[in-house]
Amino acid sequence: MKHVVCDKQSNNTNIRLTLPVVCFVWQIAMIILFGVFIRYDKESNAHWVETKAHDNITSDIENDFYFRYPSFQDVHVMIFVGFGFLMTFLKRYSFGAVGFNFLIASFGLQWALLMQGWFHSLDPQTGKIFIGVESLINADFCVAGCLIAYGAVLGKVSPVQLLVMTLFGVTLFAVEEYIILNLLHARDAGGSMVIHTFGGYYGLAISRVLYRPNLHQSKRMQGSVYHSDTFAMIGTLFLWMFWPSFNSAITDHGDGQHRAVINTYLCLASTVLTTVAISSLSQKTGKLDMVHIQNSTLAGGVALGTAAEFMISPYGALIVGFFCGIISTMGYIFISKTLKIQDTCGIHNLHAMPGVIGGIVGAITAAAASESVYGKQGLINTFDFTGDFKDRTVLTQGGYQAAGMCVSIVFGVVGGAIVGSILKLPIWGDPADENCFDDEVYWELPDEEEEHQESIPPILEYNNHMIHKQQDL
Amino acid sequence: MKHVVCDKQSNNTNIRLTLPVVCFVWQIAMIILFGVFIRYDKESNAHWVETKAHDNITSDIENDFYFRYPSFQDVHVMIFVGFGFLMTFLKRYSFGAVGFNFLIASFGLQWALLMQGWFHSLDPQTGKIFIGVESLINADFCVAGCLIAYGAVLGKVSPVQLLVMTLFGVTLFAVEEYIILNLLHARDAGGSMVIHTFGGYYGLAISRVLYRPNLHQSKRMQGSVYHSDTFAMIGTLFLWMFWPSFNSAITDHGDGQHRAVINTYLCLASTVLTTVAISSLSQKTGKLDMVHIQNSTLAGGVALGTAAEFMISPYGALIVGFFCGIISTMGYIFISKTLKIQDTCGIHNLHAMPGVIGGIVGAITAAAASESVYGKQGLINTFDFTGDFKDRTVLTQGGYQAAGMCVSIVFGVVGGAIVGSILKLPIWGDPADENCFDDEVYWELPDEEEEHQESIPPILEYNNHMIHKQQDL
Amino acid sequence: MKHVVCDKQSNNTNIRLTLPVVCFVWQIAMIILFGVFIRYDKESNAHWVETKAHDNITSDIENDFYFRYPSFQDVHVMIFVGFGFLMTFLKRYSFGAVGFNFLIASFGLQWALLMQGWFHSLDPQTGKIFIGVESLINADFCVAGCLIAYGAVLGKVSPVQLLVMTLFGVTLFAVEEYIILNLLHARDAGGSMVIHTFGGYYGLAISRVLYRPNLHQSKRMQGSVYHSDTFAMIGTLFLWMFWPSFNSAITDHGDGQHRAVINTYLCLASTVLTTVAISSLSQKTGKLDMVHIQNSTLAGGVALGTAAEFMISPYGALIVGFFCGIISTMGYIFISKTLKIQDTCGIHNLHAMPGVIGGIVGAITAAAASESVYGKQGLINTFDFTGDFKDRTVLTQGGYQAAGMCVSIVFGVVGGAIVGSILKLPIWGDPADENCFDDEVYWELPDEEEEHQESIPPILEYNNHMIHKQQDL
């Protein structure tokens with residue numbers, strides 16, 4: 001035992017140079033680029049009082065802030081607490097889970113504001129990007145894609161690799177999002193395609209390229225302990241509870257946000273029941289497995305990302321949740337063990353697969369939309385059949401939704417493969433196979449045994465020594 | 001010790017058949033019933049754009065969504081994180097606390113939407129139930145009653161029993177709610193009567209019927225450990241912080257919500273101080289007891305459930321909180337030990353008793369309401385003296401409030417006794433007396449010792465064996 | 001070891017008389033004073049329906065409640081979960097961290113409503129204080145100052161001392177706030193000066209006066225353990241995520257709140273990157289230190305407290321965050337060890353120093369404000385150049401901002417020194433030097449060893465005894 005603990009493999013995990021340099025250089029670049037490009041939009045600008053007069057807005061409450069801020073804060077909690085704590089399930093990687101999640105989200109959201117700004121809202125006249133609360137939500141969404149990808153490589157990469165992964169991830173995200181939402185004019189308010197499918201496949205492709213044949217050497221660190229599983233439930237629950245806000249955060253004011261909330265709320269409730277059912281079925285005596293409860297209960301939210309704002313109707317939402325709970329849990333039971341991907345958090349089952357389902361559900365429900373259900377103006381508003389797209393039919397829309405689905409998969413797989421190859425270079429300070437899933441590598445850990453040593457009578461020392469070693473593992 | 005650990009009693013806790021069957025059958029039934037009955041209301045329907053034009057609504061922000069969604073999300077957090085984590089205090093029942101809470105809430109809210117819909121908002125012309133954000137809040141409220149009841153039987157029942165308990169609980173809830181709010185026309189925005197009194201007595205009655213004379217056999221599992229108490233404080237605090245949202249979530253727009261928040265905020269602050277005072281008084285050296293801090297600090301929110309929207313005035317709210325902190329804490333000190341009920345979480349002191357106080361406070365403050373304090377229209381709005389009830393006096397209203405109180409107690413006690421008898425049937429897979437309060441029974445637990453075994457020199461094995469056993473307990 | 005555990009120093013930590021008496025007397029005083037002074041404001045009063053008609057308000061949504069309630073709830077979470085859990089990092093002081101935080105916040109917010117009411121909003125005609133949701137936010141803000149101060153003395157004082165400290169803290173806060181915001185007419189929406197600088201120096205001065213030369217005797221309790229650090233991250237993240245709400249909670253409706261959110265969001269993201277960079281630089285192999293991640297990542301929010309509502313522009317916010325992350329982390333690395341202050345949570349680096357930076361940033365950005373950037377009316381709105389102050393120039397404003405900064409430091413240092421002297425009296429039941437940072441002193445702790453004793457064969461008893469002792473430490 002002592003042997004394993006002491007003779008760590010010789011990978012150089014010193015990141016004292018690379019991590020600070022990347023952080024500083026990047027942050028300075030952000031300051032410069034923000035200085036050049038980013039400005040307050042008219043609703044967050046002190047000139048708002050003039051805008052109000054000009055646009056005949058009678059009350060401050062019609063500022064977009066009041067439509068979207070509560071949802072924004074819920075999304076913000078999902079990004080930092082939800083994703084962060086969901087990944088604390090490993091017995092000795094909680095610092096890395098919460099801490100690196102915190103780092104890459106903070107890093108990525110700045111780059112996302114720029115990338116999404118250039119692609120979606122660069123003002124041609126001034127050359128500026130004007131940001132408001134919706135931009136912040138979109139930046140958080142963009143980061144979510146990268147955090148999903150982190151789930152696949154959790155415990156196996158260095159923070160520098162994570163930053164590189166996030167840098168490229170955000171860039172790819174902004175491009176695929178532009179293609180899907182602007183060029184194809186697909187709808188994807190909660191990001192089944194744009195966020196979950198892309199993020200899922202991006203992470204899986206990277207993890208495949210970084211495949212470690214000897215990962216079993218750190219098997220002792222791969223499980224959970226009782227308290228780490230409880231911590232992970234904090235993440236699960238905040239994701240689950242706030243998912244209605246996620247799917248409704250950028251939908252249309254009024255009925256659009258309202259309906260997306262109802263649909264997501266129902267869908268997720270349904271997912272919980274089928275997840276529990278399948279989890280119980282999978283064990284000899286019907287015991288439940290925390291992995292399923294922590295993850296598969298969320299699959300319904302992923303799968304309703306595209307269709308949440310549609311008139312899928314309450315029972316439709318329940319049906320989507322019903323099947324997602326089953327499929328996702330079966331993914332954890334059957335697929336995870338067979339795929340050669342080393343997907344630490346099982347993002348294939350929680351994001352990639354339900355994301356694809358969500359894209360398909362979106363395409364079908366869009367194609368099936370009718371004026372009788374939506375109303376004439378309702379149909380136009382929901383699918384944004386205006387401007388260049390004013391003559392588009394719902395059937396065509398369904399086709400473009402399906403095309404968007406494919407774009408997100410291609411960007412995820414190809415982008416992930418390329419980025420994975422970059423991350424394979426031996427310069428990033430990643431941990432050795434036997435030190436994966438261990439906070440020891442990148443964190444100063446509290447020295448929990450220290451003063452025990454002082455007080456132990458010599459007779460018991462060896463004995464005691466062994467106890468410590470056991471606790472170490 | 002080993003003896004106890006190995007020779008578990010022969011109760012059959014295999015739920016591999018019953019749990020999945022109940023979940024699947026139920027979820028399919030929900031899909032069918034939702035398909036038949038549940039539709040979007042006019043504010044969440046894509047026809048909203050026409051409704052707006054028809055009703056001369058000038059801005060999307062006047063959609064009920066924007067009045068209630070922030071409160072809804074707070075209530076949602078209370079239901080899933082608040083109730084869930086509050087019950088994690090037991091040393092080895094955190095999975096069951098959070099996980100089963102998650103399951104029965106997801107299960108119950110669907111049934112609640114139907115039951116409450118049939119009783120409160122079935123449209124006679126179309127035969128449909130139209131749901132919006134307020135329906136979601138009410139469904140969460142309804143579920144809260146069952147989660148309270150769960151607190152009394154925590155650790156002593158199987159998940160199948162919990163589902164049965166929730167099924168009947170939601171049904172009973174919808175009926176008593178209909179009687180109290182619609183027939184008696186009592187006001188109870190935060191549910192002192194409808195939610196807390198009913199839920200409390202429902203759980204207590206069930207627990208009484210399921211009384212286990214030999215529960216002391218699992219005494220070793222009944223306490224908390226340091227970290228489990230810290231986890232429970234997450235539940236306490238989220239309940240405490242968001243209780244103003246709970247009590248204001250469905251009160252009148254404008255001053256109604258505003259006032260309910262102020263009253264609840266003040267009442268709860270006052271409760272904390274008297275809880276601490278009594279807790280300190282109860283120990284020889286004035287030490288505080290976590291059980292009191294985790295629970296009694298919340299009693300003020302319960303007791304203001306009915307009167308929160310009334311003009312009870314700020315100092316009135318403080319007075320209610322003052323006495324509730326005292327009474328609830330004394331309940332934990334004196335009553336819990338004498339009652340033959342085995343109330344795991346002490347819901348008698350946190351919900352049942354403060355709920356009754358809340359009903360009485362509501363009746364008194366309603367009876368004492370005056371036009372000088374409320375204004376003519378204010379009085380009508382607050383007590384909804386319209387339609388059939390437009391000639392009701394405040395004194396009569398006080399009487400009906402008191403009657404409502406009795407209805408909730410009767411429904412709780414009688415309903416609980418009946419449901420308890422059903423749950424006594426030996427088919428539900430409940431744990432044996434010596435395996436109560438143990439996640440081992442229904443959850444795959446992380447195997448925390450596994451690799452220790454491999455590495456221990458034989459000489460130390462027995463020694464080490466003992467250490468493991470100790471850790472097991 | 002046994003020696004240390006058993007022979008505790010003879011400080012009398014019995015608070016069975018003082019704590020309940022203070023709580024009861026105080027709470028009764030609050031009820032009386034609230035009865036005399038506090039009333040609902042017109043937006044939370046049942047007469048609102050008349051107010052609406054009178055003021056031509058067309059919709060209930062224009063009630064201030066809907067502008068501020070979501071922010072209020074976020075602030076509320078920061079106060080109770082944020083501050084509470086941030087301080088749980090010590091291995092054996094989580095109950096004290098969360099529990100006493102809960103107590104003094106509940107205690108302080110009532111007194112704050114009165115003190116702030118008397119100074120800011122006493123109606124001269126009626127002699128009443130009219131409260132609404134903004135009053136609740138301000139009360140929470142006021143309490144925040146005292147919770148910051150708690151961070152400096154965490155683990156070294158009794159709950160009675162904390163109540164005394166809070167009583168005086170709130171009083172001093174209300175006075176300095178009145179001087180800074182009303183007399184000097186400085187702007188400080190997020191409280192860089194009023195909350196953080198004052199609270200920081202108040203706590204540091206108290207801690208200096210209470211200096212314990214023999215505190216090293218409880219060194220064994222001063223560190224963290226793995227799970228306590230994870231709990232602390234809950235506090236960190238909720239503070240970090242909701243800081244945009246903190247800084248925008250009481251800014252102007254519309255663009256004021258919107259802009260404060262954007263600025264704070266960006267500033268905090270930037271802080272995370274430089275905190276990580278400096279933390280990594282400070283260790284030989286670039287490992288990260290949880291103390292920095294838990295604390296310094298928040299410094300940007302503190303430092304933008306004054307300027308958040310100004311047109312500091314997005315890149316300006318990033319710059320503030322950039323330097324705050326560096327300075328705060330370096331504070332933890334270099335200053336904490338040299339100052340003779342025994343600042344348990346390092347509030348010097350998280351609140352005092354960043355607060356001063358925030359005051360300076362505020363003064364500079366105010367002095368640099370121009371009509372071209374803000375617009376004529378925007379400038380008036382942002383700096384409230386109305387009434388007596390309608391002719392004030394931005395340069396003068398900058399000067400008054402700087403003056404406000406000094407007032408907050410003076411109040412903190414002088415007030416803290418005086419209050420510290422009061423707390424030095426030997427009547428408050430504070431712990432002995434060797435029992436600091438130990439929940440054992442004021443809390444009934446779960447007896448985690450109890451039933452181990454029963455089951456251990458006599459041969460192993462001594463052995464086992466030692467193991468328990470080790471676990472005790």
# chains A, B, ... in the order shown; residues from 1 in each chain; ligands from 1
>>> residues_around(residues="Asp384 in chain A", least_positions_apart="2", cutoff="12 Å", atoms="only C-alpha atoms", output="ChimeraX atom specification")
/A:181-182,185-188,251-252,256,309-310,366,376-382,386-394,397
>>> closest_atom_pairs(of="chain C", to="chain B", cutoff="7 Å", atoms="only C-alpha atoms", output="tab-separated table")
residue	atom	partner	partner_atom	distance
C:Asn14	CA	B:Thr285	CA	4.8
C:Ile15	CA	B:Gly286	CA	5.0
C:Arg16	CA	B:Gly286	CA	3.6
C:Leu19	CA	B:Ala277	CA	6.4
C:Pro20	CA	B:Ala277	CA	4.0
C:Cys23	CA	B:Leu273	CA	5.6
C:Phe24	CA	B:Thr274	CA	6.5
C:Gln27	CA	B:Ser270	CA	6.7
C:Ile31	CA	B:Tyr315	CA	5.3
C:Phe34	CA	B:Tyr315	CA	5.1
C:Gly35	CA	B:Tyr315	CA	5.1
C:Ile38	CA	B:Pro314	CA	6.6
C:Arg39	CA	B:Pro314	CA	6.5
C:Glu43	CA	B:Asp255	CA	5.6
C:Ser44	CA	B:Asp255	CA	4.2
C:Asn45	CA	B:Asp255	CA	5.8
C:Ala46	CA	B:Gly378	CA	4.9
C:His47	CA	B:Gly375	CA	5.6
C:Trp48	CA	B:Asp255	CA	6.1
C:Val49	CA	B:Gly378	CA	6.7
C:Asp60	CA	B:Gly254	CA	5.0
C:Ile61	CA	B:Gly254	CA	6.7
C:Asn63	CA	B:Gly254	CA	5.8
C:Phe65	CA	B:His258	CA	5.9
C:Pro70	CA	B:Pro70	CA	6.2
C:His76	CA	B:Met241	CA	6.5
C:Val77	CA	B:Met241	CA	6.6
C:Phe80	CA	B:Leu237	CA	6.9
C:Val81	CA	B:Leu237	CA	6.7
C:Ser94	CA	B:Thr230	CA	6.8
C:Phe95	CA	B:Thr230	CA	6.9
C:Leu103	CA	B:Val272	CA	6.4
C:Ser106	CA	B:Ala269	CA	4.6
C:Phe107	CA	B:Leu273	CA	6.8
C:Tyr442	CA	B:Lys287	CA	4.6
C:Trp443	CA	B:Leu288	CA	4.8
C:Glu444	CA	B:Asp289	CA	5.4
C:Pro446	CA	B:Val225	CA	5.5
C:Glu448	CA	B:Val225	CA	6.2
C:Glu451	CA	B:Arg220	CA	6.7
C:His452	CA	B:Gln470	CA	5.7
C:Ser455	CA	B:Met1	CA	5.5
>>> residues_around(residues="Ala97 in chain B", least_positions_apart="6", cutoff="8 Å", atoms="only C-alpha atoms", output="list in words")
Gly84, Phe85, Met87, Thr88 and Leu154 of chain B
>>> select_by_dssp(residues="range 121-232 of chain A", states="strand (DSSP E or B)", output="PyMOL selection string")
chain A and resi 122+129-131+224
>>> atom_distance(atom1="CA of Ser370 in chain B", atom2="CA of Ile327 in chain B")
29.4 Å
>>> residues_around(residues="Glu176 in chain C", least_positions_apart="4", cutoff="8 Å", atoms="only C-alpha atoms", output="MDAnalysis selection string")
chainID C and resid 172 180 194 407:408 411
>>> write_last_selection(atoms="C-alpha atoms", output="PDB file, in the first residue's frame")
ATOM      1  CA  LEU C 172     -22.534  52.081  14.327  1.00  0.00           C
ATOM      2  CA  ILE C 180     -21.991  58.675   4.191  1.00  0.00           C
ATOM      3  CA  VAL C 194     -20.581  51.233   4.143  1.00  0.00           C
ATOM      4  CA  VAL C 407     -15.713  57.838   7.524  1.00  0.00           C
ATOM      5  CA  SER C 408     -16.248  54.118   7.145  1.00  0.00           C
ATOM      6  CA  PHE C 411     -16.108  54.142  12.335  1.00  0.00           C
TER       7      PHE C 411
END
>>> atom_distance(atom1="CA of Leu162 in chain A", atom2="CA of Ala105 in chain A")
10.3 Å
